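Structure file coords.pdb (PDB, C-alpha atoms and all ligand atoms) follows.
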MODEL        1
ATOM      1  CA  MET R  84      85.432  84.796 120.625  1.00  0.00           C
ATOM      2  CA  THR R  85      84.324  85.718 124.114  1.00  0.00           C
ATOM      3  CA  ILE R  86      81.017  87.553 124.397  1.00  0.00           C
ATOM      4  CA  HIS R  87      79.983  89.530 127.476  1.00  0.00           C
ATOM      5  CA  ILE R  88      76.416  90.764 127.621  1.00  0.00           C
ATOM      6  CA  TYR R  89      75.483  93.957 129.463  1.00  0.00           C
ATOM      7  CA  GLU R  90      72.390  95.987 130.244  1.00  0.00           C
ATOM      8  CA  ASN R  91      73.328  99.187 128.466  1.00  0.00           C
ATOM      9  CA  ALA R  92      75.889 101.306 126.637  1.00  0.00           C
ATOM     10  CA  GLU R  93      77.243 102.794 129.871  1.00  0.00           C
ATOM     11  CA  GLN R  94      78.227  99.382 131.217  1.00  0.00           C
ATOM     12  CA  ILE R  95      79.744  98.446 127.861  1.00  0.00           C
ATOM     13  CA  GLY R  96      81.798 101.655 127.923  1.00  0.00           C
ATOM     14  CA  LYS R  97      83.086 100.908 131.425  1.00  0.00           C
ATOM     15  CA  ALA R  98      84.037  97.352 130.471  1.00  0.00           C
ATOM     16  CA  ALA R  99      85.776  98.397 127.235  1.00  0.00           C
ATOM     17  CA  ALA R 100      87.633 101.214 128.984  1.00  0.00           C
ATOM     18  CA  ALA R 101      88.767  98.722 131.653  1.00  0.00           C
ATOM     19  CA  ILE R 102      90.262  96.486 128.939  1.00  0.00           C
ATOM     20  CA  LEU R 103      91.959  99.428 127.193  1.00  0.00           C
ATOM     21  CA  SER R 104      93.242 100.818 130.491  1.00  0.00           C
ATOM     22  CA  ALA R 105      94.601  97.412 131.495  1.00  0.00           C
ATOM     23  CA  GLN R 106      96.472  97.290 128.190  1.00  0.00           C
ATOM     24  CA  VAL R 107      98.007 100.710 128.859  1.00  0.00           C
ATOM     25  CA  LEU R 108      98.920  99.725 132.421  1.00  0.00           C
ATOM     26  CA  GLN R 109     100.578  96.512 131.259  1.00  0.00           C
ATOM     27  CA  LYS R 110     102.433  98.177 128.400  1.00  0.00           C
ATOM     28  CA  PRO R 111     102.637 101.971 128.822  1.00  0.00           C
ATOM     29  CA  ASP R 112     104.077 102.422 125.305  1.00  0.00           C
ATOM     30  CA  CYS R 113     101.457 100.220 123.668  1.00  0.00           C
ATOM     31  CA  VAL R 114      99.828 100.744 120.283  1.00  0.00           C
ATOM     32  CA  LEU R 115      96.049 101.114 120.340  1.00  0.00           C
ATOM     33  CA  GLY R 116      93.796 100.863 117.309  1.00  0.00           C
ATOM     34  CA  LEU R 117      90.848 103.223 117.743  1.00  0.00           C
ATOM     35  CA  ALA R 118      87.400 103.518 116.203  1.00  0.00           C
ATOM     36  CA  THR R 119      84.772 106.181 115.592  1.00  0.00           C
ATOM     37  CA  GLY R 120      80.966 106.014 115.663  1.00  0.00           C
ATOM     38  CA  SER R 121      78.397 106.406 118.390  1.00  0.00           C
ATOM     39  CA  SER R 122      79.094 102.992 119.950  1.00  0.00           C
ATOM     40  CA  VAL R 123      82.553 103.975 121.200  1.00  0.00           C
ATOM     41  CA  LEU R 124      81.447 107.220 122.872  1.00  0.00           C
ATOM     42  CA  THR R 125      80.809 105.734 126.318  1.00  0.00           C
ATOM     43  CA  THR R 126      84.196 103.978 126.122  1.00  0.00           C
ATOM     44  CA  TYR R 127      85.936 107.269 125.382  1.00  0.00           C
ATOM     45  CA  SER R 128      84.174 109.116 128.236  1.00  0.00           C
ATOM     46  CA  GLU R 129      85.344 106.407 130.627  1.00  0.00           C
ATOM     47  CA  LEU R 130      88.907 106.611 129.304  1.00  0.00           C
ATOM     48  CA  ILE R 131      88.864 110.392 129.770  1.00  0.00           C
ATOM     49  CA  ALA R 132      87.642 109.905 133.351  1.00  0.00           C
ATOM     50  CA  ALA R 133      90.372 107.312 134.019  1.00  0.00           C
ATOM     51  CA  ASN R 134      92.992 109.678 132.624  1.00  0.00           C
ATOM     52  CA  LYS R 135      91.706 112.647 134.645  1.00  0.00           C
ATOM     53  CA  ALA R 136      91.679 110.498 137.784  1.00  0.00           C
ATOM     54  CA  GLY R 137      95.348 109.720 137.185  1.00  0.00           C
ATOM     55  CA  LEU R 138      94.697 106.015 136.584  1.00  0.00           C
ATOM     56  CA  THR R 139      95.564 105.720 132.890  1.00  0.00           C
ATOM     57  CA  ASP R 140      98.538 107.562 131.429  1.00  0.00           C
ATOM     58  CA  PHE R 141      98.494 108.013 127.650  1.00  0.00           C
ATOM     59  CA  SER R 142     101.768 109.941 127.395  1.00  0.00           C
ATOM     60  CA  ARG R 143     103.634 107.044 125.744  1.00  0.00           C
ATOM     61  CA  VAL R 144     100.695 105.462 123.921  1.00  0.00           C
ATOM     62  CA  THR R 145     100.500 105.477 120.115  1.00  0.00           C
ATOM     63  CA  THR R 146      97.110 105.330 118.383  1.00  0.00           C
ATOM     64  CA  PHE R 147      96.015 104.404 114.876  1.00  0.00           C
ATOM     65  CA  ASN R 148      92.463 105.082 113.798  1.00  0.00           C
ATOM     66  CA  LEU R 149      90.649 102.583 111.641  1.00  0.00           C
ATOM     67  CA  ASP R 150      89.456 104.878 108.917  1.00  0.00           C
ATOM     68  CA  GLU R 151      88.707 108.338 107.535  1.00  0.00           C
ATOM     69  CA  TYR R 152      86.321 109.781 104.956  1.00  0.00           C
ATOM     70  CA  CYS R 153      87.863 110.770 101.636  1.00  0.00           C
ATOM     71  CA  GLY R 154      87.714 114.453 100.827  1.00  0.00           C
ATOM     72  CA  LEU R 155      87.038 115.833 104.306  1.00  0.00           C
ATOM     73  CA  PRO R 156      89.849 117.966 105.744  1.00  0.00           C
ATOM     74  CA  SER R 157      90.754 117.122 109.350  1.00  0.00           C
ATOM     75  CA  THR R 158      89.102 120.390 110.421  1.00  0.00           C
ATOM     76  CA  HIS R 159      85.712 119.310 109.012  1.00  0.00           C
ATOM     77  CA  GLU R 160      83.221 118.626 111.802  1.00  0.00           C
ATOM     78  CA  GLN R 161      82.417 115.189 110.450  1.00  0.00           C
ATOM     79  CA  SER R 162      85.967 114.083 109.759  1.00  0.00           C
ATOM     80  CA  TYR R 163      87.059 111.230 111.983  1.00  0.00           C
ATOM     81  CA  LYS R 164      90.156 113.191 113.018  1.00  0.00           C
ATOM     82  CA  HIS R 165      87.833 115.892 114.341  1.00  0.00           C
ATOM     83  CA  PHE R 166      85.637 113.274 116.045  1.00  0.00           C
ATOM     84  CA  MET R 167      88.676 111.835 117.801  1.00  0.00           C
ATOM     85  CA  ARG R 168      89.908 115.226 118.966  1.00  0.00           C
ATOM     86  CA  GLU R 169      86.487 116.202 120.309  1.00  0.00           C
ATOM     87  CA  ASN R 170      85.678 112.893 121.960  1.00  0.00           C
ATOM     88  CA  LEU R 171      89.066 111.712 123.216  1.00  0.00           C
ATOM     89  CA  PHE R 172      92.385 113.271 122.224  1.00  0.00           C
ATOM     90  CA  ASN R 173      91.684 116.831 123.455  1.00  0.00           C
ATOM     91  CA  HIS R 174      90.839 115.471 126.902  1.00  0.00           C
ATOM     92  CA  ILE R 175      93.699 113.063 127.619  1.00  0.00           C
ATOM     93  CA  ASN R 176      97.475 113.438 127.928  1.00  0.00           C
ATOM     94  CA  ILE R 177      98.330 111.856 124.583  1.00  0.00           C
ATOM     95  CA  ASP R 178     101.281 113.190 122.589  1.00  0.00           C
ATOM     96  CA  GLU R 179     100.006 114.689 119.289  1.00  0.00           C
ATOM     97  CA  SER R 180     102.936 113.118 117.435  1.00  0.00           C
ATOM     98  CA  ASN R 181     101.732 109.651 118.510  1.00  0.00           C
ATOM     99  CA  ILE R 182      98.290 110.082 116.904  1.00  0.00           C
ATOM    100  CA  PHE R 183      97.725 108.555 113.464  1.00  0.00           C
ATOM    101  CA  VAL R 184      94.572 108.883 111.352  1.00  0.00           C
ATOM    102  CA  PRO R 185      94.576 108.211 107.595  1.00  0.00           C
ATOM    103  CA  ASN R 186      94.634 111.432 105.554  1.00  0.00           C
ATOM    104  CA  GLY R 187      91.471 111.433 103.464  1.00  0.00           C
ATOM    105  CA  THR R 188      92.604 114.495 101.521  1.00  0.00           C
ATOM    106  CA  ALA R 189      95.944 113.047 100.397  1.00  0.00           C
ATOM    107  CA  LYS R 190      96.613 113.738  96.698  1.00  0.00           C
ATOM    108  CA  ASP R 191      98.156 110.315  96.179  1.00  0.00           C
ATOM    109  CA  ILE R 192      95.716 107.921  97.856  1.00  0.00           C
ATOM    110  CA  ALA R 193      97.697 104.752  97.097  1.00  0.00           C
ATOM    111  CA  HIS R 194     100.802 106.311  98.626  1.00  0.00           C
ATOM    112  CA  GLU R 195      98.848 107.417 101.692  1.00  0.00           C
ATOM    113  CA  CYS R 196      97.475 103.886 102.186  1.00  0.00           C
ATOM    114  CA  GLY R 197     100.965 102.387 101.901  1.00  0.00           C
ATOM    115  CA  ARG R 198     102.386 105.012 104.255  1.00  0.00           C
ATOM    116  CA  TYR R 199      99.670 104.275 106.839  1.00  0.00           C
ATOM    117  CA  GLU R 200     100.269 100.539 106.725  1.00  0.00           C
ATOM    118  CA  PHE R 201     104.022 101.119 106.997  1.00  0.00           C
ATOM    119  CA  SER R 202     103.532 103.375 110.045  1.00  0.00           C
ATOM    120  CA  ILE R 203     101.515 100.682 111.821  1.00  0.00           C
ATOM    121  CA  ASN R 204     104.195  98.070 111.156  1.00  0.00           C
ATOM    122  CA  ASN R 205     106.930 100.515 112.077  1.00  0.00           C
ATOM    123  CA  ALA R 206     105.253 101.122 115.454  1.00  0.00           C
ATOM    124  CA  GLY R 207     105.419  97.363 116.100  1.00  0.00           C
ATOM    125  CA  GLY R 208     101.832  96.511 115.107  1.00  0.00           C
ATOM    126  CA  ILE R 209      98.613  97.056 117.017  1.00  0.00           C
ATOM    127  CA  ASP R 210      98.469  95.618 120.532  1.00  0.00           C
ATOM    128  CA  LEU R 211      94.757  96.196 121.062  1.00  0.00           C
ATOM    129  CA  GLN R 212      92.186  97.198 118.471  1.00  0.00           C
ATOM    130  CA  LEU R 213      88.843  98.731 119.469  1.00  0.00           C
ATOM    131  CA  LEU R 214      86.020  98.086 116.984  1.00  0.00           C
ATOM    132  CA  GLY R 215      82.409  99.048 116.419  1.00  0.00           C
ATOM    133  CA  LEU R 216      80.134  97.119 114.069  1.00  0.00           C
ATOM    134  CA  GLY R 217      78.280  98.503 111.059  1.00  0.00           C
ATOM    135  CA  ASN R 218      74.588  97.630 110.605  1.00  0.00           C
ATOM    136  CA  ASN R 219      75.618  95.696 107.502  1.00  0.00           C
ATOM    137  CA  GLY R 220      78.403  93.798 109.274  1.00  0.00           C
ATOM    138  CA  HIS R 221      81.221  96.130 108.271  1.00  0.00           C
ATOM    139  CA  ILE R 222      84.273  96.671 110.446  1.00  0.00           C
ATOM    140  CA  ALA R 223      86.151  99.945 109.987  1.00  0.00           C
ATOM    141  CA  PHE R 224      84.926 100.743 106.455  1.00  0.00           C
ATOM    142  CA  ASN R 225      85.405  97.211 105.099  1.00  0.00           C
ATOM    143  CA  GLU R 226      82.025  96.883 103.432  1.00  0.00           C
ATOM    144  CA  PRO R 227      80.347  93.598 102.430  1.00  0.00           C
ATOM    145  CA  ALA R 228      82.232  92.497  99.310  1.00  0.00           C
ATOM    146  CA  ASP R 229      83.307  89.521  97.220  1.00  0.00           C
ATOM    147  CA  ALA R 230      86.745  89.287  98.838  1.00  0.00           C
ATOM    148  CA  PHE R 231      88.543  90.349 102.016  1.00  0.00           C
ATOM    149  CA  ARG R 232      91.040  93.160 101.464  1.00  0.00           C
ATOM    150  CA  ASN R 233      94.325  92.788 103.303  1.00  0.00           C
ATOM    151  CA  THR R 234      95.824  96.230 103.861  1.00  0.00           C
ATOM    152  CA  THR R 235      94.759  99.888 104.148  1.00  0.00           C
ATOM    153  CA  HIS R 236      92.869 100.896 101.011  1.00  0.00           C
ATOM    154  CA  CYS R 237      90.289 103.227  99.530  1.00  0.00           C
ATOM    155  CA  VAL R 238      86.725 101.923  99.535  1.00  0.00           C
ATOM    156  CA  GLN R 239      83.427 103.049  97.987  1.00  0.00           C
ATOM    157  CA  LEU R 240      80.848 103.241 100.763  1.00  0.00           C
ATOM    158  CA  SER R 241      77.695 101.149 100.383  1.00  0.00           C
ATOM    159  CA  GLU R 242      74.265 102.776 100.118  1.00  0.00           C
ATOM    160  CA  SER R 243      73.331 101.376 103.539  1.00  0.00           C
ATOM    161  CA  THR R 244      76.419 102.898 105.191  1.00  0.00           C
ATOM    162  CA  ILE R 245      75.822 106.253 103.500  1.00  0.00           C
ATOM    163  CA  ALA R 246      72.224 106.175 104.739  1.00  0.00           C
ATOM    164  CA  ALA R 247      73.267 105.099 108.278  1.00  0.00           C
ATOM    165  CA  ASN R 248      75.971 107.767 108.569  1.00  0.00           C
ATOM    166  CA  SER R 249      73.816 110.539 107.040  1.00  0.00           C
ATOM    167  CA  ARG R 250      72.429 111.182 110.529  1.00  0.00           C
ATOM    168  CA  PHE R 251      75.627 113.104 111.265  1.00  0.00           C
ATOM    169  CA  PHE R 252      75.446 115.277 108.123  1.00  0.00           C
ATOM    170  CA  ALA R 253      72.986 117.986 107.027  1.00  0.00           C
ATOM    171  CA  SER R 254      71.787 115.716 104.234  1.00  0.00           C
ATOM    172  CA  GLU R 255      72.587 112.344 102.683  1.00  0.00           C
ATOM    173  CA  ALA R 256      74.097 114.130  99.676  1.00  0.00           C
ATOM    174  CA  GLU R 257      76.850 115.509 101.925  1.00  0.00           C
ATOM    175  CA  VAL R 258      78.081 112.102 103.104  1.00  0.00           C
ATOM    176  CA  PRO R 259      81.382 111.293 101.363  1.00  0.00           C
ATOM    177  CA  ARG R 260      81.065 108.370  98.963  1.00  0.00           C
ATOM    178  CA  ALA R 261      84.544 106.977  99.650  1.00  0.00           C
ATOM    179  CA  ALA R 262      86.838 106.398 102.613  1.00  0.00           C
ATOM    180  CA  LEU R 263      90.296 105.153 103.515  1.00  0.00           C
ATOM    181  CA  THR R 264      90.188 102.142 105.781  1.00  0.00           C
ATOM    182  CA  MET R 265      92.499  99.630 107.397  1.00  0.00           C
ATOM    183  CA  GLY R 266      92.114  96.309 105.610  1.00  0.00           C
ATOM    184  CA  ILE R 267      90.769  93.130 107.153  1.00  0.00           C
ATOM    185  CA  GLY R 268      94.356  91.891 107.344  1.00  0.00           C
ATOM    186  CA  THR R 269      95.449  95.039 109.176  1.00  0.00           C
ATOM    187  CA  ILE R 270      92.718  94.477 111.771  1.00  0.00           C
ATOM    188  CA  MET R 271      93.351  90.739 112.053  1.00  0.00           C
ATOM    189  CA  ARG R 272      97.056  91.354 112.734  1.00  0.00           C
ATOM    190  CA  ALA R 273      96.116  93.231 115.940  1.00  0.00           C
ATOM    191  CA  ARG R 274      97.170  91.077 118.880  1.00  0.00           C
ATOM    192  CA  LYS R 275      93.870  91.633 120.717  1.00  0.00           C
ATOM    193  CA  ILE R 276      90.508  92.940 119.571  1.00  0.00           C
ATOM    194  CA  VAL R 277      87.639  94.363 121.621  1.00  0.00           C
ATOM    195  CA  MET R 278      84.325  95.175 119.975  1.00  0.00           C
ATOM    196  CA  VAL R 279      81.549  97.308 121.462  1.00  0.00           C
ATOM    197  CA  VAL R 280      78.069  96.850 120.024  1.00  0.00           C
ATOM    198  CA  TYR R 281      74.607  97.727 121.244  1.00  0.00           C
ATOM    199  CA  GLY R 282      71.061  98.250 120.032  1.00  0.00           C
ATOM    200  CA  ALA R 283      68.519  96.040 118.252  1.00  0.00           C
ATOM    201  CA  GLY R 284      69.584  97.539 114.911  1.00  0.00           C
ATOM    202  CA  LYS R 285      72.820  95.538 115.161  1.00  0.00           C
ATOM    203  CA  ARG R 286      71.188  92.204 116.018  1.00  0.00           C
ATOM    204  CA  GLU R 287      71.303  90.712 112.520  1.00  0.00           C
ATOM    205  CA  ALA R 288      74.905  91.791 112.022  1.00  0.00           C
ATOM    206  CA  VAL R 289      75.916  90.336 115.408  1.00  0.00           C
ATOM    207  CA  ALA R 290      74.242  86.994 114.608  1.00  0.00           C
ATOM    208  CA  ALA R 291      75.982  86.805 111.223  1.00  0.00           C
ATOM    209  CA  MET R 292      79.317  87.787 112.786  1.00  0.00           C
ATOM    210  CA  VAL R 293      79.161  85.214 115.568  1.00  0.00           C
ATOM    211  CA  ARG R 294      77.203  82.326 114.077  1.00  0.00           C
ATOM    212  CA  GLY R 295      77.264  82.782 110.312  1.00  0.00           C
ATOM    213  CA  ALA R 296      79.774  81.548 107.759  1.00  0.00           C
ATOM    214  CA  VAL R 297      83.108  83.353 107.578  1.00  0.00           C
ATOM    215  CA  THR R 298      82.524  85.395 104.460  1.00  0.00           C
ATOM    216  CA  PRO R 299      83.439  88.827 103.058  1.00  0.00           C
ATOM    217  CA  LYS R 300      79.667  89.324 102.646  1.00  0.00           C
ATOM    218  CA  CYS R 301      79.749  89.879 106.428  1.00  0.00           C
ATOM    219  CA  PRO R 302      83.249  91.331 106.997  1.00  0.00           C
ATOM    220  CA  ALA R 303      83.007  91.037 110.805  1.00  0.00           C
ATOM    221  CA  SER R 304      82.578  87.255 110.487  1.00  0.00           C
ATOM    222  CA  VAL R 305      86.345  87.037 109.905  1.00  0.00           C
ATOM    223  CA  LEU R 306      86.787  87.768 113.621  1.00  0.00           C
ATOM    224  CA  GLN R 307      85.777  84.132 114.246  1.00  0.00           C
ATOM    225  CA  LEU R 308      89.289  83.271 113.014  1.00  0.00           C
ATOM    226  CA  HIS R 309      91.106  85.585 115.443  1.00  0.00           C
ATOM    227  CA  SER R 310      92.352  83.985 118.637  1.00  0.00           C
ATOM    228  CA  ASN R 311      91.798  86.927 120.991  1.00  0.00           C
ATOM    229  CA  VAL R 312      88.493  88.736 120.449  1.00  0.00           C
ATOM    230  CA  VAL R 313      86.190  90.051 123.169  1.00  0.00           C
ATOM    231  CA  ILE R 314      82.741  91.289 122.202  1.00  0.00           C
ATOM    232  CA  LEU R 315      80.929  93.580 124.635  1.00  0.00           C
ATOM    233  CA  ALA R 316      77.258  93.711 123.658  1.00  0.00           C
ATOM    234  CA  ASP R 317      73.965  94.692 125.205  1.00  0.00           C
ATOM    235  CA  LYS R 318      70.980  92.331 125.429  1.00  0.00           C
ATOM    236  CA  SER R 319      69.138  93.939 122.544  1.00  0.00           C
ATOM    237  CA  ALA R 320      72.055  93.300 120.146  1.00  0.00           C
ATOM    238  CA  VAL R 321      72.123  89.558 120.767  1.00  0.00           C
ATOM    239  CA  ASP R 322      69.506  86.902 120.094  1.00  0.00           C
ATOM    240  CA  ASN R 323      68.362  84.985 123.089  1.00  0.00           C
TER     241      ASN R 323
HETATM  242  C1  LIG B   1      81.283 103.868 110.915  1.00  0.00           C
HETATM  243  C2  LIG B   1      82.737 103.485 111.184  1.00  0.00           C
HETATM  244  C3  LIG B   1      82.837 102.121 111.813  1.00  0.00           C
HETATM  245  C4  LIG B   1      81.863 101.980 112.954  1.00  0.00           C
HETATM  246  C5  LIG B   1      80.461 102.155 112.426  1.00  0.00           C
HETATM  247  C6  LIG B   1      79.392 101.935 113.466  1.00  0.00           C
HETATM  248  O1  LIG B   1      80.806 103.383 109.714  1.00  0.00           O
HETATM  249  N1  LIG B   1      83.526 103.519 110.009  1.00  0.00           N
HETATM  250  O2  LIG B   1      84.164 101.919 112.271  1.00  0.00           O
HETATM  251  O3  LIG B   1      81.993 100.719 113.554  1.00  0.00           O
HETATM  252  O4  LIG B   1      80.393 103.479 111.936  1.00  0.00           O
HETATM  253  O5  LIG B   1      78.926 103.143 113.933  1.00  0.00           O
HETATM  254  P1  LIG B   1      77.959 103.326 115.147  1.00  0.00           P
HETATM  255  O6  LIG B   1      78.713 102.925 116.332  1.00  0.00           O
HETATM  256  O7  LIG B   1      77.642 104.792 115.135  1.00  0.00           O
HETATM  257  O8  LIG B   1      76.769 102.476 114.880  1.00  0.00           O
ENDMDL
END
Mind turning the file's structure into structure tokens?
Ligand code: GLP
Amino acid sequence: MTIHIYENAEQIGKAAAAILSAQVLQKPDCVLGLATGSSVLTTYSELIAANKAGLTDFSRVTTFNLDEYCGLPSTHEQSYKHFMRENLFNHINIDESNIFVPNGTAKDIAHECGRYEFSINNAGGIDLQLLGLGNNGHIAFNEPADAFRNTTHCVQLSESTIAANSRFFASEAEVPRAALTMGIGTIMRARKIVMVVYGAGKREAVAAMVRGAVTPKCPASVLQLHSNVVILADKSAVDN
């Protein structure tokens, strides 16, 4: 793991966007794994700026999002598909047919999970995966658990995640209780991983991820076993 420490979220966004842009420049038809959440917003604004400035061309890029709430149609304001459209896809020259987000309203969830995993493999696997970090150490929606899950699956969200994500909904009761998420194996098969994390609220999770035991109780700790992970953090998220 390589950790770079910055002053603020803006710097982190610039650094992450530089890594993503470099990936696209090196391999114009690359496969990017993308994330939602507030931590990736500065990264996406920088990518939009790079695209508008003619520096980063997304026309041949394929993207796979990490996760999606169960039960929210893609038109719902809090669906991750909607988040991605609003914060990235609508503002860059990506081809709609190259955008993949799990379908949280699929009737046959097991089939949808298998289809999603197949699509990732069929695209040649993920070249570069962008990640945020949950307060409880989750990555995508892989919650603290007794075992690591390999592939895309349906997960029950933990009380702490429901509480953390309720800030985006009118009330906690409206937060979906389940989600579809890439598995830990899906994420670990990405050839490169870049994580953006900032704020004192993430400090415990960062310490457990970087220095703790590799355990499904802190899903992000598995990243210690990946050979190409860059963590972009601000000072308040890391212990001195
Ligand atoms: C959600 C997403 C995660 C993300 C996390 C952190 O739970 N499923 O992929 O990493 O939020 O969100 P934030 O960046 O808003 O703290």
Chain and number of each residue from the PyMOL selection byres (((chain R and resi 197-199) around 12) and not hetatm), as a VMD selection string:
chain R and resid 146 to 151 182 to 187 189 191 to 196 200 to 206 208 233 to 237 263 to 266 269
So which residues touch region 282-299 of chain R within 9 Å, counting only C-alpha atoms, skipping near sequence neighbours fewer than 6 positions away, as a PyMOL selection string?
chain R and resi 84+91-92+216-221+225-232+305-308+316-322
Where does the PyMOL selection byres (((chain R and resi 98) around 12) and not hetatm) land in this file, that is, which residues does it pick, as a CSV table (one decimal) with C-alpha atoms, keeping the file's coordinate frame?
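Below is the file out.csv, written as the result:
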chain,number,residue,atom,x,y,z
R,86,ILE,CA,81.0,87.6,124.4
R,87,HIS,CA,80.0,89.5,127.5
R,88,ILE,CA,76.4,90.8,127.6
R,89,TYR,CA,75.5,94.0,129.5
R,90,GLU,CA,72.4,96.0,130.2
R,91,ASN,CA,73.3,99.2,128.5
R,92,ALA,CA,75.9,101.3,126.6
R,93,GLU,CA,77.2,102.8,129.9
R,94,GLN,CA,78.2,99.4,131.2
R,95,ILE,CA,79.7,98.4,127.9
R,96,GLY,CA,81.8,101.7,127.9
R,97,LYS,CA,83.1,100.9,131.4
R,99,ALA,CA,85.8,98.4,127.2
R,100,ALA,CA,87.6,101.2,129.0
R,101,ALA,CA,88.8,98.7,131.7
R,102,ILE,CA,90.3,96.5,128.9
R,103,LEU,CA,92.0,99.4,127.2
R,104,SER,CA,93.2,100.8,130.5
R,105,ALA,CA,94.6,97.4,131.5
R,123,VAL,CA,82.6,104.0,121.2
R,125,THR,CA,80.8,105.7,126.3
R,126,THR,CA,84.2,104.0,126.1
R,127,TYR,CA,85.9,107.3,125.4
R,128,SER,CA,84.2,109.1,128.2
R,129,GLU,CA,85.3,106.4,130.6
R,130,LEU,CA,88.9,106.6,129.3
R,277,VAL,CA,87.6,94.4,121.6
R,278,MET,CA,84.3,95.2,120.0
R,279,VAL,CA,81.5,97.3,121.5
R,313,VAL,CA,86.2,90.1,123.2
R,314,ILE,CA,82.7,91.3,122.2
R,315,LEU,CA,80.9,93.6,124.6
R,316,ALA,CA,77.3,93.7,123.7
R,317,ASP,CA,74.0,94.7,125.2
Contacts to ligand LIG 1 (chain B) at 6 Å cut-off (only C-alpha atoms and all ligand atoms) as number ranges by chain
R: 118-122, 214-217, 222-224
Contacts of Lys135 (chain R) at 10 Å or less, counting only C-alpha atoms, minus same-chain residues fewer than 6 places along, as a ChimeraX atom specification?
/R:129,174-176
Separation of CA of Thr145 (chain R) from CA of Lys190 (chain R) in Å:
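Result for CA of Lys190 (chain R) versus CA of Thr145 (chain R): 25.1 Å, one decimal.
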Identify which of the residues R:Gln239, R:Val144, R:Ile209, R:Ala133 lies closest to Gly268 (chain R), counting only C-alpha atoms when measuring atom-to-atom distances.
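Nearest to Gly268 (chain R): R:Ile209.
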Once the PyMOL selection byres (((chain R and resi 107) around 10) and not hetatm) has been applied to the shown file, what residues remain in the selection, as a PDB file with C-alpha atoms, keeping the file's coordinate frame?
ATOM      1  CA  ALA R 101      88.767  98.722 131.653  1.00  0.00           C
ATOM      2  CA  ILE R 102      90.262  96.486 128.939  1.00  0.00           C
ATOM      3  CA  LEU R 103      91.959  99.428 127.193  1.00  0.00           C
ATOM      4  CA  SER R 104      93.242 100.818 130.491  1.00  0.00           C
ATOM      5  CA  ALA R 105      94.601  97.412 131.495  1.00  0.00           C
ATOM      6  CA  GLN R 106      96.472  97.290 128.190  1.00  0.00           C
ATOM      7  CA  LEU R 108      98.920  99.725 132.421  1.00  0.00           C
ATOM      8  CA  GLN R 109     100.578  96.512 131.259  1.00  0.00           C
ATOM      9  CA  LYS R 110     102.433  98.177 128.400  1.00  0.00           C
ATOM     10  CA  PRO R 111     102.637 101.971 128.822  1.00  0.00           C
ATOM     11  CA  ASP R 112     104.077 102.422 125.305  1.00  0.00           C
ATOM     12  CA  CYS R 113     101.457 100.220 123.668  1.00  0.00           C
ATOM     13  CA  VAL R 114      99.828 100.744 120.283  1.00  0.00           C
ATOM     14  CA  LEU R 115      96.049 101.114 120.340  1.00  0.00           C
ATOM     15  CA  LEU R 138      94.697 106.015 136.584  1.00  0.00           C
ATOM     16  CA  THR R 139      95.564 105.720 132.890  1.00  0.00           C
ATOM     17  CA  ASP R 140      98.538 107.562 131.429  1.00  0.00           C
ATOM     18  CA  PHE R 141      98.494 108.013 127.650  1.00  0.00           C
ATOM     19  CA  ARG R 143     103.634 107.044 125.744  1.00  0.00           C
ATOM     20  CA  VAL R 144     100.695 105.462 123.921  1.00  0.00           C
ATOM     21  CA  ASP R 210      98.469  95.618 120.532  1.00  0.00           C
ATOM     22  CA  LEU R 211      94.757  96.196 121.062  1.00  0.00           C
TER      23      LEU R 211
END
Compile the contact shell of Asn311 (chain R) as number ranges by chain: residues with an atom at most 8 Å away, counting only C-alpha atoms, same-chain residues fewer than 3 positions apart removed.
R: 84, 274-276
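In this model, the gap between CA of Tyr152 (chain R) and CA of Arg260 (chain R) comes to 8.1 Å.
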Atomic distance CA of Thr188 (chain R) - CA of Gly154 (chain R), expressed in Å with one decimal
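Interatomic distance here is 4.9 Å.
Considering all atoms listed in the file, the residue among R:Ile245, R:Val238, R:Ala303, R:Val280 positioned nearest to Ile267 (chain R) is R:Ala303.
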Minimum-distance residue to Glu257 (chain R), chosen among R:Ser243, R:Asn134, R:Ser304, R:Gln161 (using only C-alpha atoms)
R:Gln161
